[in-house]
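Student: This is the structure, below, for whatever I ask next.
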Amino acid sequence: MENLLQKIDESTDFLKHRGFTGATAGIVLGTGLGSFIQSIQVEQTIPYHEIPHFPVSTVEFHKGQLIIGTIGSTKIIAMQGRFHFYEGYTMQQITFPIRVMQKLGVTYLLLSNAAGGMNRDYKKGDLVLINDHINLQPENPLRGLNAPEFGNRFVDMCRPYDPELNKQLQIAAQKLSVDLKEGVYVSVMGPNLETRAEYRYLLAAGADMVGMSTVPEVIVANHIGLACAAISVITDECDPDNLKPVQIAEILEVAHKADEKLSKIFEKMILDVSIIVI
């Protein structure tokens, strides 16, 4: 585990020398969600492959670059594209950038993703604030991290999504007259989509929407004391009784259409709350 700590330090030092300093907010942009970048006054952009020890996104619709810039008076670091377990990475690789952002001084984290909506009240293009999650990923990013430098091994997860951040996102959505629903997100391994029986199972377990990301990052954020919140874009309706084949191109199209609303919520929250005290 000393090796992981060393890698975090080396990545952090590299980014500091490239001007990645002074940021308060960290942003993780999910599948098909990138227009938020247009809100940023960009200072530096670095492709992941140039950052020591960073994984490289293998998903063709994830750009794979780290950005630092400002929104209003707030400096932010944004991940344009994330990593997934289904790509073949370990959980510690997937969540490595979250640890690096925290070492760079980020104090809160906003995440986004594309998800399938199982709740019958959800329609394509809806935005849903995640108020809790179910973790069905086959690994855990904290496994083996028993060195005292990593903090508490048995991380409490009674409120993984920070109530104050959630409240601020709801306020921002209300000011923009954007409907922001709430729900429970279940994270599965992927990359295949679910069967009708699996959707019934996940619904019965208490989930409203399903995706293949976010939860590992949230676990690590809680591990390192980084307040976080997340919003899902519902890209397809997963009614097991009326299930139709879906293409990734369709998912991306829906995500792109909803992206502007999501980006405005993130931007509004950051502008209205330049300093969030958790």
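Chain labels run A, B, ... following the order of the structure tokens; each chain numbers its residues from 1, and ligands are numbered from 1 in the order shown.
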Can you list, as number ranges by chain, all residues belonging to range 109-159 of chain A that DSSP tags as strand (DSSP E)?
Tutor: A: 109-117, 127-135
Student: Tell me, as JSON, numbers by chain, which residues lie within 9 Å of Val210 in chain A, counting only C-alpha atoms; anything in the same chain fewer than 3 positions away does not count.
Tutor: {"A": [114, 115, 116, 117, 118, 184, 185, 186, 187, 188, 199, 202, 207]}
Student: Excluding Asn3 in chain A and any residue of its chain fewer than 5 positions from it, enumerate the residues within 12 Å of it, using only C-alpha atoms, and give them as a PDB file with N, CA and C atoms, in the first residue's frame.
Tutor:
ATOM      1  N   ILE A   8       0.114   8.338  -5.497  1.00  0.00           N
ATOM      2  CA  ILE A   8      -0.746   9.505  -5.265  1.00  0.00           C
ATOM      3  C   ILE A   8       0.107  10.760  -5.130  1.00  0.00           C
ATOM      4  N   ASP A   9       1.198  10.652  -4.354  1.00  0.00           N
ATOM      5  CA  ASP A   9       2.082  11.797  -4.156  1.00  0.00           C
ATOM      6  C   ASP A   9       2.736  12.228  -5.464  1.00  0.00           C
ATOM      7  N   GLU A  10       3.153  11.269  -6.276  1.00  0.00           N
ATOM      8  CA  GLU A  10       3.830  11.602  -7.537  1.00  0.00           C
ATOM      9  C   GLU A  10       2.866  12.268  -8.521  1.00  0.00           C
ATOM     10  N   HIS A  53       0.753   7.659 -13.472  1.00  0.00           N
ATOM     11  CA  HIS A  53      -0.054   6.665 -12.761  1.00  0.00           C
ATOM     12  C   HIS A  53      -1.557   6.773 -13.006  1.00  0.00           C
ATOM     13  N   GLN A  92      -9.054   0.312  -7.128  1.00  0.00           N
ATOM     14  CA  GLN A  92      -8.138   1.351  -6.662  1.00  0.00           C
ATOM     15  C   GLN A  92      -7.668   2.235  -7.814  1.00  0.00           C
ATOM     16  N   LEU A 145      -6.660  -1.727   2.098  1.00  0.00           N
ATOM     17  CA  LEU A 145      -6.089  -0.442   2.521  1.00  0.00           C
ATOM     18  C   LEU A 145      -6.148  -0.318   4.041  1.00  0.00           C
ATOM     19  N   ALA A 147      -3.397   0.539   5.946  1.00  0.00           N
ATOM     20  CA  ALA A 147      -2.359   1.421   6.475  1.00  0.00           C
ATOM     21  C   ALA A 147      -3.015   2.620   7.157  1.00  0.00           C
TER      22      ALA A 147
END
Student: Would you give me, as a CSV table (one decimal) with N, CA and C atoms, in the first residue's frame, the residues in range 100-184 of chain A that DSSP reads as alpha helix (DSSP H)?
Tutor:
chain,number,residue,atom,x,y,z
A,100,VAL,N,-6.3,11.8,-5.6
A,100,VAL,CA,-5.4,12.8,-6.1
A,100,VAL,C,-6.0,14.2,-6.0
A,101,MET,N,-7.3,14.3,-6.4
A,101,MET,CA,-8.0,15.6,-6.3
A,101,MET,C,-8.1,16.1,-4.8
A,102,GLN,N,-8.3,15.2,-3.9
A,102,GLN,CA,-8.3,15.5,-2.5
A,102,GLN,C,-7.0,16.0,-2.0
A,103,LYS,N,-5.9,15.4,-2.5
A,103,LYS,CA,-4.6,15.8,-2.1
A,103,LYS,C,-4.2,17.2,-2.7
A,163,PRO,N,-25.8,15.8,2.8
A,163,PRO,CA,-27.1,16.4,2.9
A,163,PRO,C,-27.1,17.9,2.5
A,164,GLU,N,-26.0,18.6,2.9
A,164,GLU,CA,-25.9,20.0,2.6
A,164,GLU,C,-25.7,20.3,1.1
A,165,LEU,N,-24.8,19.4,0.5
A,165,LEU,CA,-24.6,19.5,-1.0
A,165,LEU,C,-25.9,19.2,-1.7
A,166,ASN,N,-26.6,18.2,-1.3
A,166,ASN,CA,-27.9,17.8,-1.9
A,166,ASN,C,-28.8,19.0,-1.9
A,167,LYS,N,-28.9,19.6,-0.7
A,167,LYS,CA,-29.8,20.7,-0.5
A,167,LYS,C,-29.4,21.9,-1.5
A,168,GLN,N,-28.2,22.2,-1.6
A,168,GLN,CA,-27.7,23.2,-2.5
A,168,GLN,C,-28.0,22.9,-3.9
A,169,LEU,N,-27.9,21.7,-4.4
A,169,LEU,CA,-28.3,21.3,-5.7
A,169,LEU,C,-29.8,21.4,-6.0
A,170,GLN,N,-30.6,21.1,-5.0
A,170,GLN,CA,-32.0,21.2,-5.1
A,170,GLN,C,-32.4,22.7,-5.2
A,171,ILE,N,-31.8,23.6,-4.4
A,171,ILE,CA,-32.0,25.0,-4.5
A,171,ILE,C,-31.6,25.5,-5.9
A,172,ALA,N,-30.5,25.1,-6.4
A,172,ALA,CA,-30.1,25.6,-7.7
A,172,ALA,C,-31.1,25.1,-8.8
A,173,ALA,N,-31.5,23.9,-8.7
A,173,ALA,CA,-32.5,23.4,-9.7
A,173,ALA,C,-33.8,24.2,-9.6
A,174,GLN,N,-34.3,24.5,-8.4
A,174,GLN,CA,-35.5,25.3,-8.2
A,174,GLN,C,-35.4,26.7,-8.8
A,175,LYS,N,-34.2,27.3,-8.6
A,175,LYS,CA,-34.0,28.7,-9.2
A,175,LYS,C,-34.0,28.6,-10.7
Student: Might you pull out every residue within 10 Å of Gly190 in chain A, with only C-alpha atoms counted and same-chain residues fewer than 6 positions away left off, and present them as an NGL selection string?
Tutor: :A and (84-87 or 137 or 211-213)
Student: Using only C-alpha atoms, can you tell me which of A:Phe36, A:Phe20, A:Phe154, A:Phe266 comes closest to Leu66 in chain A?
Tutor: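 Closest residue, counting only C-alpha atoms: A:Phe20.
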Student: How many Å lie between CA of Val218 in chain A and CA of Thr12 in chain A, rounded to one decimal?
Tutor: 20.0 Å
